[in-house]
Structures are given as structure tokens and as C-alpha cells.
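The structure file structure_6.cif is reproduced below (mmCIF, C-alpha atoms).
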```
data_upload
loop_
_atom_site.label_atom_id
_atom_site.label_comp_id
_atom_site.auth_asym_id
_atom_site.auth_seq_id
_atom_site.Cartn_x
_atom_site.Cartn_y
_atom_site.Cartn_z
CA MET A 279 23.32 7.38 -19.39
CA THR A 280 26.89 7.85 -18.11
CA LYS A 281 29.23 4.85 -17.71
CA LYS A 282 31.96 6.07 -15.36
CA VAL A 283 33.68 3.07 -13.81
CA LEU A 284 36.44 2.76 -11.19
CA ILE A 285 38.67 -0.34 -11.53
CA VAL A 286 40.73 -1.37 -8.49
CA ASP A 287 43.46 -4.03 -8.71
CA ASP A 288 46.98 -4.25 -7.30
CA ASP A 289 47.98 -6.11 -10.47
CA LYS A 290 48.75 -2.99 -12.50
CA GLU A 291 49.06 -4.80 -15.84
CA LEU A 292 45.72 -6.60 -15.44
CA CYS A 293 44.05 -3.40 -14.17
CA GLU A 294 45.19 -1.45 -17.23
CA LEU A 295 44.25 -4.27 -19.63
CA THR A 296 40.73 -4.43 -18.17
CA GLY A 297 40.45 -0.65 -18.37
CA THR A 298 41.51 -0.64 -22.04
CA GLN A 299 38.96 -3.32 -22.91
CA LEU A 300 36.16 -1.40 -21.20
CA GLU A 301 37.16 1.89 -22.86
CA LYS A 302 36.75 0.15 -26.23
CA ARG A 303 33.18 -0.55 -25.10
CA ARG A 304 32.60 3.17 -24.39
CA PHE A 305 33.07 3.15 -20.64
CA GLN A 306 34.81 6.09 -18.97
CA VAL A 307 37.46 4.35 -16.86
CA CYS A 308 39.44 5.42 -13.79
CA LEU A 309 42.22 3.12 -12.45
CA ARG A 310 43.50 2.68 -8.87
CA TYR A 311 46.04 0.13 -7.69
CA ASP A 312 45.16 -0.16 -4.02
CA ALA A 313 42.06 0.10 -1.83
CA ALA A 314 43.13 3.29 -0.02
CA ALA A 315 43.53 5.19 -3.28
CA ALA A 316 40.19 3.77 -4.43
CA LEU A 317 38.42 5.03 -1.30
CA GLU A 318 39.91 8.48 -1.83
CA ALA A 319 38.65 8.49 -5.43
CA VAL A 320 35.16 7.38 -4.39
CA SER A 321 34.98 10.10 -1.74
CA ASN A 322 35.98 12.82 -4.25
CA GLU A 323 34.16 11.63 -7.38
CA GLU A 324 30.89 9.94 -8.26
CA PHE A 325 31.18 6.64 -10.13
CA ASP A 326 28.44 4.65 -11.78
CA ALA A 327 30.10 1.40 -10.70
CA VAL A 328 33.24 0.02 -9.07
CA VAL A 329 35.09 -3.14 -10.15
CA THR A 330 37.49 -4.43 -7.50
CA ASP A 331 39.83 -7.38 -7.16
CA LEU A 332 39.33 -9.48 -4.03
CA ASN A 333 42.92 -10.21 -2.95
CA MET A 334 44.81 -6.97 -2.35
CA PRO A 335 47.34 -6.04 0.36
CA GLU A 336 46.35 -4.02 3.46
CA MET A 337 42.63 -3.90 2.56
CA ASN A 338 40.99 -6.63 0.48
CA GLY A 339 38.05 -6.31 -1.91
CA ILE A 340 35.46 -7.40 0.69
CA GLU A 341 36.59 -4.68 3.13
CA LEU A 342 36.71 -2.11 0.31
CA THR A 343 33.16 -3.09 -0.72
CA GLU A 344 31.95 -2.61 2.86
CA MET A 345 33.52 0.87 3.02
CA ILE A 346 32.04 1.92 -0.33
CA HIS A 347 28.64 0.53 0.63
CA GLN A 348 28.69 2.56 3.86
CA ASN A 349 29.73 5.83 2.20
CA ARG A 350 28.21 5.45 -1.28
CA PRO A 351 25.34 2.96 -0.87
CA ASP A 352 23.98 3.77 -4.34
CA THR A 353 27.24 2.79 -6.09
CA PRO A 354 27.22 -0.85 -7.24
CA VAL A 355 30.41 -2.84 -6.62
CA ILE A 356 31.44 -5.87 -8.65
CA VAL A 357 34.02 -8.14 -6.96
CA ILE A 358 36.50 -10.14 -9.06
CA THR A 359 38.45 -13.05 -7.62
CA SER A 360 40.32 -16.19 -8.57
CA TYR A 361 38.58 -18.01 -5.80
CA GLY A 362 35.04 -18.72 -6.99
CA SER A 363 33.84 -20.47 -3.86
CA LEU A 364 30.32 -20.12 -2.55
CA GLU A 365 31.66 -18.79 0.76
CA THR A 366 33.54 -15.98 -1.02
CA ALA A 367 30.47 -15.05 -3.07
CA ILE A 368 28.30 -14.92 0.05
CA ALA A 369 30.88 -12.75 1.85
CA ALA A 370 30.97 -10.33 -1.08
CA MET A 371 27.19 -10.07 -1.23
CA ARG A 372 26.93 -9.56 2.53
CA ALA A 373 29.45 -6.75 2.21
CA GLY A 374 27.09 -5.05 -0.26
CA ALA A 375 28.52 -6.20 -3.60
CA TYR A 376 26.17 -6.01 -6.57
CA ASP A 377 27.69 -9.06 -8.29
CA PHE A 378 30.59 -11.48 -8.27
CA ILE A 379 32.82 -12.54 -11.22
CA THR A 380 35.70 -15.05 -11.24
CA LYS A 381 39.06 -14.88 -12.99
CA PRO A 382 40.13 -15.15 -15.75
CA ILE A 383 37.91 -12.19 -16.53
CA ASP A 384 35.39 -12.71 -19.32
CA ILE A 385 35.27 -9.14 -20.64
CA GLU A 386 31.90 -9.65 -22.32
CA LEU A 387 30.39 -10.94 -19.08
CA LEU A 388 31.91 -7.99 -17.23
CA HIS A 389 30.48 -5.64 -19.88
CA ILE A 390 26.97 -7.10 -19.45
CA THR A 391 27.22 -7.07 -15.64
CA LEU A 392 28.38 -3.45 -15.60
CA ASN A 393 25.57 -2.34 -17.88
CA ARG A 394 23.05 -4.10 -15.66
CA ALA A 395 24.58 -2.59 -12.50
CA ILE A 396 24.66 0.93 -13.93
CA HIS A 397 21.08 0.64 -15.18
CA HIS A 398 20.08 -0.59 -11.71
CA ARG A 399 21.81 2.41 -10.11
CA HIS A 400 20.19 4.97 -12.41
CA LEU A 401 16.76 3.45 -11.93
CA HIS A 402 17.25 3.39 -8.15
CA LYS A 403 18.18 7.09 -8.22
CA GLU A 404 15.11 7.87 -10.30
CA VAL A 405 12.82 6.01 -7.88
CA THR A 406 14.38 7.88 -4.94
CA LEU A 407 13.97 11.23 -6.70
CA LEU A 408 10.37 10.47 -7.59
CA ARG A 409 9.59 9.45 -4.02
CA ARG A 410 10.97 12.73 -2.73
CA THR A 411 8.92 14.55 -5.34
CA VAL A 412 5.76 12.78 -4.16
CA GLU A 413 6.50 13.67 -0.55
CA ALA A 414 7.14 17.32 -1.40
CA SER A 415 4.38 17.79 -3.96
CA GLN A 416 0.93 19.00 -3.06
CA GLY A 417 -0.27 17.69 -6.43
CA PHE A 418 -3.02 19.16 -8.56
CA GLU A 419 -6.31 18.41 -6.84
CA GLU A 420 -6.39 14.60 -6.61
CA PHE A 421 -3.87 14.05 -9.41
CA GLN A 422 -0.29 12.86 -9.22
CA GLY A 423 1.77 13.75 -12.25
CA GLU A 424 4.57 15.88 -13.63
CA SER A 425 4.71 14.72 -17.25
CA ALA A 426 4.23 17.13 -20.15
CA PRO A 427 0.85 15.62 -21.15
CA MET A 428 -0.48 16.02 -17.60
CA ASN A 429 0.85 19.54 -17.25
CA LYS A 430 -1.13 20.37 -20.39
CA VAL A 431 -4.25 18.89 -18.73
CA PHE A 432 -3.63 20.90 -15.54
CA SER A 433 -3.29 24.10 -17.57
CA LEU A 434 -6.53 23.46 -19.45
CA VAL A 435 -8.42 22.62 -16.25
CA SER A 436 -7.18 25.80 -14.56
CA LYS A 437 -8.30 27.96 -17.50
CA ALA A 438 -11.61 26.20 -18.17
CA ALA A 439 -12.57 26.24 -14.48
CA GLU A 440 -12.75 30.01 -14.56
CA THR A 441 -15.46 29.95 -17.22
CA GLU A 442 -18.97 28.51 -17.54
CA VAL A 443 -18.47 26.81 -20.91
CA THR A 444 -19.30 23.16 -21.48
CA VAL A 445 -16.30 20.83 -21.40
CA LEU A 446 -15.82 17.50 -23.18
CA ILE A 447 -13.28 15.17 -21.56
CA THR A 448 -12.00 12.31 -23.69
CA GLY A 449 -9.62 9.47 -22.98
CA GLU A 450 -9.36 5.74 -22.51
CA SER A 451 -11.14 4.02 -19.62
CA GLY A 452 -9.26 4.40 -16.36
CA THR A 453 -7.41 7.61 -17.23
CA GLY A 454 -9.22 9.74 -14.63
CA LYS A 455 -11.87 11.61 -16.61
CA GLU A 456 -14.19 11.96 -13.62
CA LEU A 457 -11.31 13.35 -11.55
CA VAL A 458 -10.94 16.06 -14.20
CA ALA A 459 -14.65 16.84 -13.98
CA ARG A 460 -14.44 17.08 -10.19
CA ALA A 461 -11.36 19.32 -10.43
CA LEU A 462 -13.22 21.64 -12.82
CA HIS A 463 -16.12 21.84 -10.36
CA LYS A 464 -13.89 22.35 -7.34
CA ARG A 465 -11.97 25.20 -8.99
CA SER A 466 -15.05 26.94 -10.39
CA LYS A 467 -17.42 29.49 -8.90
CA ARG A 468 -19.87 26.61 -8.47
CA GLN A 469 -17.72 24.77 -5.95
CA GLY A 470 -20.28 25.45 -3.21
CA GLY A 471 -23.02 23.77 -5.25
CA PRO A 472 -23.61 20.06 -5.89
CA PHE A 473 -21.54 17.86 -8.18
CA VAL A 474 -23.89 15.28 -9.74
CA ALA A 475 -22.63 12.45 -11.95
CA VAL A 476 -24.51 9.97 -14.15
CA ASN A 477 -23.22 7.16 -16.37
CA CYS A 478 -25.13 7.44 -19.64
CA SER A 479 -24.31 3.86 -20.66
CA ALA A 480 -25.57 2.26 -17.44
CA LEU A 481 -29.32 2.79 -17.95
CA PRO A 482 -31.81 2.06 -20.76
CA GLU A 483 -33.16 5.10 -22.60
CA ASN A 484 -36.47 5.45 -20.74
CA LEU A 485 -34.87 5.18 -17.30
CA LEU A 486 -32.02 7.53 -18.24
CA GLU A 487 -34.53 10.13 -19.47
CA SER A 488 -36.42 9.93 -16.18
CA GLU A 489 -33.14 10.07 -14.24
CA LEU A 490 -31.99 13.21 -16.05
CA PHE A 491 -35.25 15.17 -16.36
CA GLY A 492 -37.34 13.73 -13.54
CA HIS A 493 -40.98 12.67 -13.90
CA VAL A 494 -44.43 13.59 -12.67
CA LYS A 495 -46.68 11.25 -10.75
CA GLY A 496 -48.39 8.76 -13.07
CA ALA A 497 -46.04 9.41 -16.00
CA PHE A 498 -45.50 5.64 -16.26
CA THR A 499 -46.45 2.53 -14.33
CA ASP A 500 -43.93 2.85 -11.49
CA ALA A 501 -44.14 6.66 -11.22
CA LYS A 502 -46.02 6.68 -7.91
CA SER A 503 -44.82 10.18 -7.03
CA THR A 504 -43.25 13.20 -8.69
CA ARG A 505 -39.47 13.07 -8.78
CA ILE A 506 -36.91 15.76 -9.54
CA GLY A 507 -34.27 14.84 -12.12
CA LEU A 508 -30.51 15.26 -12.03
CA PHE A 509 -30.66 18.61 -13.86
CA GLY A 510 -32.74 19.85 -10.96
CA LYS A 511 -30.54 18.21 -8.31
CA ALA A 512 -27.43 19.78 -9.85
CA ASN A 513 -28.91 23.30 -9.80
CA LYS A 514 -26.25 25.94 -8.99
CA GLY A 515 -23.66 23.21 -9.44
CA THR A 516 -22.20 20.83 -12.04
CA LEU A 517 -23.79 17.91 -13.91
CA PHE A 518 -21.28 15.34 -15.18
CA LEU A 519 -22.53 13.20 -18.08
CA ASP A 520 -20.13 10.26 -18.20
CA GLU A 521 -19.94 7.99 -21.26
CA ILE A 522 -21.94 10.54 -23.27
CA GLY A 523 -20.96 8.73 -26.48
CA ASP A 524 -23.24 5.83 -25.51
CA MET A 525 -26.34 7.99 -25.04
CA PRO A 526 -29.25 6.81 -27.27
CA LEU A 527 -29.91 9.02 -30.30
CA GLY A 528 -33.51 9.73 -29.28
CA LEU A 529 -32.39 11.16 -25.95
CA GLN A 530 -29.61 13.21 -27.56
CA ALA A 531 -32.19 15.51 -29.21
CA LYS A 532 -33.85 16.17 -25.83
CA ILE A 533 -30.48 16.90 -24.19
CA LEU A 534 -29.62 19.36 -26.97
CA ARG A 535 -32.94 21.17 -26.55
CA THR A 536 -32.49 21.27 -22.76
CA LEU A 537 -29.00 22.74 -23.03
CA GLU A 538 -30.02 25.37 -25.58
CA GLU A 539 -33.17 26.53 -23.77
CA ARG A 540 -31.78 26.09 -20.24
CA THR A 541 -35.09 24.62 -19.13
CA VAL A 542 -36.09 21.08 -18.27
CA ARG A 543 -39.43 19.31 -18.75
CA PRO A 544 -40.01 16.19 -16.59
CA VAL A 545 -41.29 13.01 -18.21
CA GLY A 546 -45.09 13.23 -18.40
CA GLY A 547 -45.08 16.94 -17.52
CA ASN A 548 -46.12 20.05 -19.42
CA THR A 549 -44.19 22.67 -17.47
CA GLU A 550 -40.71 23.92 -18.36
CA THR A 551 -38.53 24.60 -15.32
CA PRO A 552 -35.39 26.74 -15.70
CA PHE A 553 -32.13 25.44 -14.23
CA ASP A 554 -28.65 26.81 -13.58
CA VAL A 555 -26.21 23.99 -14.24
CA ARG A 556 -22.80 23.69 -15.83
CA VAL A 557 -22.56 20.54 -17.96
CA ILE A 558 -19.35 18.53 -18.29
CA SER A 559 -19.34 15.36 -20.36
CA ALA A 560 -16.88 12.56 -20.95
CA THR A 561 -16.39 9.61 -23.29
CA ASN A 562 -13.81 6.94 -24.04
CA ARG A 563 -14.96 6.79 -27.66
CA ASP A 564 -13.72 8.72 -30.71
CA LEU A 565 -16.79 10.96 -30.72
CA ALA A 566 -15.91 12.63 -34.02
CA GLN A 567 -15.91 9.19 -35.63
CA VAL A 568 -19.20 8.29 -33.92
CA VAL A 569 -20.68 11.48 -35.40
CA GLU A 570 -19.40 10.51 -38.84
CA ASP A 571 -20.93 7.05 -38.41
CA LYS A 572 -24.30 8.70 -37.56
CA GLY A 573 -24.25 7.37 -34.01
CA PHE A 574 -24.08 10.82 -32.37
CA ARG A 575 -25.70 14.12 -33.30
CA GLU A 576 -23.27 16.58 -34.82
CA ASP A 577 -25.07 19.60 -33.32
CA LEU A 578 -24.92 18.10 -29.81
CA PHE A 579 -21.25 17.22 -30.32
CA TYR A 580 -20.38 20.86 -31.03
CA ARG A 581 -22.61 22.02 -28.16
CA LEU A 582 -20.70 19.82 -25.70
CA ASN A 583 -17.24 20.22 -27.21
CA VAL A 584 -16.61 23.91 -26.49
CA VAL A 585 -13.47 23.11 -24.49
CA HIS A 586 -11.87 19.73 -25.13
CA ILE A 587 -9.60 18.08 -22.53
CA ASP A 588 -7.97 14.84 -23.67
CA MET A 589 -6.63 12.60 -20.92
CA PRO A 590 -3.37 10.87 -21.91
CA PRO A 591 -3.13 7.10 -21.42
CA LEU A 592 -0.81 6.05 -18.62
CA ARG A 593 1.70 4.50 -21.03
CA GLN A 594 2.39 7.99 -22.41
CA ARG A 595 3.03 9.56 -18.99
CA GLY A 596 6.55 8.24 -18.37
CA ARG A 597 7.79 8.88 -14.84
CA ASP A 598 4.23 9.54 -13.64
CA ILE A 599 3.82 5.76 -13.45
CA LEU A 600 6.26 5.62 -10.55
CA LEU A 601 4.81 8.74 -8.93
CA LEU A 602 1.37 7.16 -8.97
CA ALA A 603 2.70 3.80 -7.78
CA ASP A 604 4.38 5.45 -4.78
CA HIS A 605 1.19 7.38 -4.06
CA PHE A 606 -0.90 4.20 -4.08
CA ILE A 607 1.67 2.34 -1.96
CA ASP A 608 1.43 5.03 0.71
CA GLN A 609 -2.37 5.03 0.47
CA PHE A 610 -2.73 1.25 0.86
CA ALA A 611 0.02 1.02 3.48
CA SER A 612 -2.08 3.34 5.64
CA GLN A 613 -5.34 1.50 4.91
CA MET A 614 -3.91 -1.97 5.43
CA GLN A 615 -1.55 -0.95 8.24
CA ARG A 616 1.39 -2.47 6.36
CA ASP A 617 4.98 -1.36 6.85
CA VAL A 618 5.74 -1.07 3.14
CA SER A 619 7.39 1.88 1.45
CA GLY A 620 8.30 2.14 -2.19
CA LEU A 621 9.35 -0.21 -4.97
CA SER A 622 12.41 -2.29 -5.65
CA THR A 623 14.29 -1.05 -8.71
CA THR A 624 13.39 -4.19 -10.67
CA ALA A 625 9.70 -3.78 -9.83
CA ALA A 626 9.88 -0.14 -10.92
CA GLU A 627 11.45 -1.24 -14.20
CA LYS A 628 8.59 -3.68 -14.80
CA LEU A 629 5.99 -0.98 -14.13
CA LEU A 630 7.71 1.41 -16.54
CA GLY A 631 7.89 -1.25 -19.25
CA TYR A 632 4.25 -2.36 -19.06
CA SER A 633 1.65 -0.97 -21.53
CA TRP A 634 -1.17 -0.33 -18.96
CA PRO A 635 -4.26 -0.98 -21.09
CA GLY A 636 -6.40 -0.31 -17.99
CA ASN A 637 -4.48 2.91 -17.25
CA VAL A 638 -4.43 4.42 -13.74
CA ARG A 639 -7.31 2.21 -12.60
CA GLU A 640 -5.29 -0.89 -13.50
CA LEU A 641 -2.17 0.47 -11.78
CA LYS A 642 -4.11 1.17 -8.60
CA ASN A 643 -5.63 -2.32 -8.66
CA SER A 644 -2.20 -3.90 -9.24
CA ILE A 645 -0.61 -1.99 -6.34
CA GLU A 646 -3.51 -2.88 -4.04
CA ARG A 647 -3.06 -6.57 -4.91
CA ALA A 648 0.71 -6.38 -4.42
CA MET A 649 0.31 -4.63 -1.05
CA ALA A 650 -2.06 -7.34 0.14
CA LEU A 651 0.33 -10.17 -0.81
CA THR A 652 3.83 -8.80 -0.19
CA GLY A 653 5.98 -10.06 2.65
CA THR A 654 8.73 -7.47 2.29
CA ASP A 655 9.17 -3.78 3.14
CA LYS A 656 9.31 -2.86 -0.57
CA LEU A 657 7.21 -4.19 -3.42
CA THR A 658 9.20 -6.60 -5.58
CA VAL A 659 8.67 -8.10 -9.03
CA ASP A 660 7.26 -11.24 -7.41
CA ASP A 661 4.47 -9.15 -5.82
CA LEU A 662 3.26 -7.87 -9.20
CA PRO A 663 0.50 -9.59 -11.23
CA GLU A 664 1.74 -12.19 -13.72
CA ARG A 665 0.63 -10.13 -16.74
CA ILE A 666 3.05 -7.37 -15.65
CA ARG A 667 5.90 -9.69 -14.65
CA ASP A 668 5.80 -11.51 -17.98
CA TYR A 669 4.96 -8.58 -20.24
CA LYS A 670 7.00 -8.07 -23.40
CA ALA A 671 6.78 -4.71 -25.15
CA ALA A 672 4.99 -4.78 -28.48
CA HIS A 673 7.55 -2.59 -30.28
CA ALA A 674 7.95 -3.62 -33.90
CA ILE A 675 11.70 -4.35 -33.65
CA VAL A 676 13.24 -6.68 -36.23
CA SER A 677 16.96 -6.20 -35.47
CA ASP A 678 17.14 -8.88 -32.77
CA ASP A 679 20.31 -10.99 -32.87
CA ASN A 680 18.52 -14.02 -31.46
CA PRO A 681 16.65 -15.94 -34.21
CA ASN A 682 14.33 -17.36 -31.57
CA GLU A 683 13.05 -13.83 -30.90
CA LEU A 684 12.16 -13.05 -34.53
CA VAL A 685 8.45 -12.92 -35.34
CA THR A 686 6.14 -13.58 -38.27
CA LEU A 687 4.96 -10.83 -40.61
CA THR A 688 1.48 -11.16 -39.12
CA GLU A 689 2.82 -10.64 -35.61
CA LEU A 690 5.02 -7.77 -36.80
CA GLU A 691 1.98 -6.08 -38.36
CA ARG A 692 -0.02 -6.55 -35.15
CA ARG A 693 2.78 -5.08 -33.03
CA TYR A 694 3.24 -2.08 -35.29
CA ILE A 695 -0.48 -1.28 -35.36
CA GLN A 696 -0.62 -1.53 -31.56
CA GLN A 697 2.46 0.68 -31.27
CA VAL A 698 0.90 3.36 -33.50
CA LEU A 699 -2.39 3.17 -31.58
CA GLY A 700 -0.50 3.58 -28.31
CA LEU A 701 1.37 6.64 -29.56
CA VAL A 702 -1.85 8.36 -30.68
CA GLY A 703 -3.75 7.53 -27.51
CA GLY A 704 -6.01 4.94 -29.13
CA ASN A 705 -7.38 7.40 -31.72
CA LYS A 706 -8.21 5.00 -34.56
CA ALA A 707 -8.88 7.79 -37.07
CA GLN A 708 -5.41 9.26 -36.52
CA ALA A 709 -3.81 5.80 -36.47
CA ALA A 710 -5.47 4.95 -39.81
CA ARG A 711 -4.06 8.14 -41.37
CA ILE A 712 -0.54 7.30 -40.15
CA LEU A 713 -0.83 3.69 -41.39
CA GLY A 714 -2.16 4.83 -44.74
CA VAL A 715 -5.44 2.90 -44.61
CA ASP A 716 -9.05 3.91 -44.13
CA ARG A 717 -10.69 3.40 -40.74
CA LYS A 718 -12.82 0.45 -41.85
CA SER A 719 -9.73 -1.35 -43.13
CA LEU A 720 -8.01 -0.70 -39.79
CA TYR A 721 -11.00 -2.11 -37.90
CA ARG A 722 -10.92 -5.21 -40.10
CA LYS A 723 -7.18 -5.65 -39.57
CA LEU A 724 -7.55 -5.31 -35.81
CA ALA A 725 -10.38 -7.83 -35.72
CA ARG A 726 -8.39 -10.27 -37.87
CA LEU A 727 -5.10 -9.87 -35.98
CA GLU A 728 -6.63 -10.01 -32.52
CA GLY A 729 -8.73 -12.98 -33.56
CA ARG A 730 -5.66 -14.75 -34.88
CA LYS A 731 -3.77 -13.96 -31.67
CA SER A 732 -6.50 -15.45 -29.51
CA GLU A 733 -6.67 -18.68 -31.50
#
```
If you took the structure in this file and wrote it as C-alpha cells, what would it be?
Amino acid sequence: MTKKVLIVDDDKELCELTGTQLEKRRFQVCLRYDAAAALEAVSNEEFDAVVTDLNMPEMNGIELTEMIHQNRPDTPVIVITSYGSLETAIAAMRAGAYDFITKPIDIELLHITLNRAIHHRHLHKEVTLLRRTVEASQGFEEFQGESAPMNKVFSLVSKAAETEVTVLITGESGTGKELVARALHKRSKRQGGPFVAVNCSALPENLLESELFGHVKGAFTDAKSTRIGLFGKANKGTLFLDEIGDMPLGLQAKILRTLEERTVRPVGGNTETPFDVRVISATNRDLAQVVEDKGFREDLFYRLNVVHIDMPPLRQRGRDILLLADHFIDQFASQMQRDVSGLSTTAAEKLLGYSWPGNVRELKNSIERAMALTGTDKLTVDDLPERIRDYKAAHAIVSDDNPNELVTLTELERRYIQQVLGLVGGNKAQAARILGVDRKSLYRKLARLEGRKSE
């Protein structure tokens, strides 16, 4: 981040002294001794911030602030004056000043204020750029995203859609696994056929079997008529098996046989009926670990996992968070008929700093709530849910200068484990390898630490 600052003061000695102090703190400083020269500099160069004295001849600091705000609205101006009255502060803020500092100048306070102003400016520019990107982008199917992890997903979807192979989509809840399945269907030769989805964890084994394969009349008590199953309904199209990792073991063997023979036998029936269906499955579980724990058939795992697409958690998608937030703001503004566009820079900062355990689904829910409650034309920090407003990152940092911010070893361990899990997308097997423990030890640590936290 650049730190190019313009200092304006008719007191040449004080101007140079302030400039020297800021240069020691790694700011790139430009000095001007009157407002006219300052305006010329601002028109010819781009500064990250301007620091101006209030009382200057010909044009004072308030008038200079107004001119800068009109011509360079994204450049924060800090006004310095000997007169720290409320009326002067209000006048400076009305003129567009970012902040107000009184003389004698506290260089450390000026340093902190400048850093905050420059960070505010850079974040504001990023939000503006992202909004323009959203407006110009056609997106990839129903996705919004430009991050490297999402570009990898888009590439895999484009390639896999051209084939008929089975695809396994993994990722945490709320990352958009069904959207990937729908994109694969839409871009495939089967796009004219049906897309049929079923949640394998939502039904007990006997009902799920009937739902998938169908049943003949009299197959069980409530089977009053013959019914075609989802394999039959998805013929010439795509069948999406969501939460496949929760499918009962007994049913897994029947699914494997169905996929290998490409025929389906309804519950209570004796006839095999061929079908033409592409199968896509998804899970939020570490399916390789479930296989190792004997909770999922290894042969079915390899049958489903011909092409693997892993959806990144939202916390690993960087700027995509703001792209998605802008997209949802536009969507809900239209639905709710609200005149709201975009985020304040502080709200954007909060969204970028949050961990998003519920991923895109949680972001969408949070924006919908904020849109329903806001009373301004941009979403502010106050519109966001409390868990986001008050969130503190769980980075395992121990170099804090404030002793009140230091944490216990137990809390440090918890934060570091959560940080590692976040970086590996929740993959506990990979996290255990990085931490140097076996998976069972990691599970025990998580249970103990989370239990301790909740006490």
C-alpha cells in the first residue's frame, strides 16, 4: 500500500518538520506552502491523503478541502488547526474532511489517522472497482467470482461438462455445490433433459430407495400404485445425489450395481429397466476419511469420483466476498424495492475480515437481513449482524503490544487449529498432517477445545 501524502501549511518551518517526522515513519511526503500550490499539485498528481492547516492566507483549509473534495472526492483530507472548537470541526467535516486534529500536532496521532485514512481510501477504491466488475461481468452461469480458486472451479466445470463421466463435488455447506451440478448440466449435451436432485441425508433408507428406484404396486403397505423413481425421471438428463456421504451402507451397494449395469429395478419388482442418466454427487464430508472409517464403500467412492471438483470456502475467496455482496445487494434491492446500492468502506472491511463458517449461504442471508433493516442508501456496519460486527479473527498472533489482548495457551492452540483448518478448507486429514497429529487426536482436541470454549 502506498503512503503518498501532501502537507499544506503556510508555516514553512512547521510544514517541513511535520514532513520530516512522517518520512521517518515511511510516508512519501510532498510539501506545499499555500492552498493554490496545493491545488495545482493535487490536479497533477495522485495523493493517498492530504494534511492541511486551517488558517492560511487567500484560501483557508476549509476552502481547500472543499476544492479537493470536488475534484478528488476519493482523496481523504485531514485538517489541522489551533482552534479546536466544535464549530470548526463541523465546518471541516461538512467541507468533506476525513478527520480533524488540533495543534500542537501529536505526530503519533497524525500517523494513526493517516494510516486509517489511507486504508479507507484504498478499500473504497477496491469496492468501486469490484462494483464496476460486477456490472460489466456476465459471470459464469449463476456464479460471481474472480478469485484463483473459483477460476480453477470454472475451468474444471467447463472441461467436465463436455464429457459424460461421473463428477464428485466436495466442499463445506453453503459453498454452492448444487450450483456447480446445475452448471455441469446446463453446459452438457444433456441440457435439454431434466435435472433431478435428491438429498440423500433427508430420507430414511427405505424411503430413499423407493425415491431413487421407484416401486411397484403392493411393494409395501403404502405402495398403492406403481411409481417411477428418480433414475427414471432423470432419463436423458442429470441426477444429482446431494450429501452422498450420508447414504446408508446398504443402499450404497444397490447404487453401485445400478451405476455399473445402467439398469434400475424398482422396489418389489423383478424387471430391470435401462436408463440414460449422468450422475453427479456432492458431499460436505471428507469422503476419503469416511471410506477409511468403513462408513462408505471404497468401490462406490472410486465409481463416483472420476472427476473431483472441490468448492473453496468463502473465506479463501478474497475479493469475491465483495463481488457476491454487491450482487446480493442488487438482487434484494430489486426484490424489496429499496434504493440501496453498495457497501460503506467500513462494512466492506468487516465482510472481508469475517470467517464465513456458513459460506455463500450465510453471506446471502446476512445481506438480505441488512437490506431489510437499513435506513441508508449504502449498507453500513450497523446494518450487519452482530456476529460479523464483533468478529475477531482467530489468527494465532502472539506479538500484540497490549497485554490485555494476550491469550492463554489453550486459546492459542484453538486459534491455530482453526487457522490451519481454514487454510485447508476444513480437510481434517490434511490439517492433522500439518499439525503433526493423527486424525483421532485432532478430533479429540477439537472436541475438548470447543467444549472448553462453550463453557
Surrounding residues of Asp554 in chain A excluding itself and chain neighbours under 6 positions, 12 Å, all atoms listed in the file, as a count of residues only: 20
Neighbours of point (31.1, -16.4, -5.4) within 12 Å, using only C-alpha atoms, written as a list in words: Leu332, Ile340, Ile356, Val357, Ile358, Thr359, Ser360, Tyr361, Gly362, Ser363, Leu364, Glu365, Thr366, Ala367, Ile368, Ala369, Ala370, Met371, Arg372, Ala375, Tyr376, Asp377, Phe378, Ile379, Thr380 and Lys381 of chain A
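The set of residues that the PyMOL selection byres ((chain A and resi 434-441) around 9) takes from this file is Asn429, Lys430, Val431, Phe432, Ser433, Glu442, Val443, Thr444, Val445, Val458, Ala459, Ala461, Leu462, His463, Lys464, Arg465, Ser466, Lys467, Val585, His586 and Ile587 of chain A.
Listed by chain and then by number, the residues chosen by the PyMOL selection byres ((chain A and resi 423) around 9) in this file are Gly417, Phe418, Phe421, Gln422, Glu424, Ser425, Ala426, Met428, Asn429, Arg595, Arg597, Asp598, Ile599, Leu601 and Leu602 of chain A.
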Save the residues we just selected, C-alpha atoms, as a compact mmCIF listing (two decimals), in the frame of the given file?
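As written to disk, out.txt reads:
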```txt
# COMPACT_ATOMS: atom_id res chain seq x y z
CA GLY A 417 -0.27 17.69 -6.43
CA PHE A 418 -3.02 19.16 -8.56
CA PHE A 421 -3.87 14.05 -9.41
CA GLN A 422 -0.29 12.86 -9.22
CA GLU A 424 4.57 15.88 -13.63
CA SER A 425 4.71 14.72 -17.25
CA ALA A 426 4.23 17.13 -20.15
CA MET A 428 -0.48 16.02 -17.60
CA ASN A 429 0.85 19.54 -17.25
CA ARG A 595 3.03 9.56 -18.99
CA ARG A 597 7.79 8.88 -14.84
CA ASP A 598 4.23 9.54 -13.64
CA ILE A 599 3.82 5.76 -13.45
CA LEU A 601 4.81 8.74 -8.93
CA LEU A 602 1.37 7.16 -8.97
```
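Using all atoms listed in the file, the nearest neighbour of Arg394 in chain A within the list A:Lys281, A:Ala373, A:Glu538, A:Asp617 is A:Lys281.
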Nearest to Asp326 in chain A by atom-to-atom distance, counting all atoms listed in the file, from A:Thr652, A:Gln567, A:Gln306, A:Thr296: A:Gln306
Resolved residues for the PyMOL selection byres ((chain A and resi 487) around 12) as a ChimeraX atom specification: /A:476,478,481-486,488-493,506-509,525-533,536,542-546
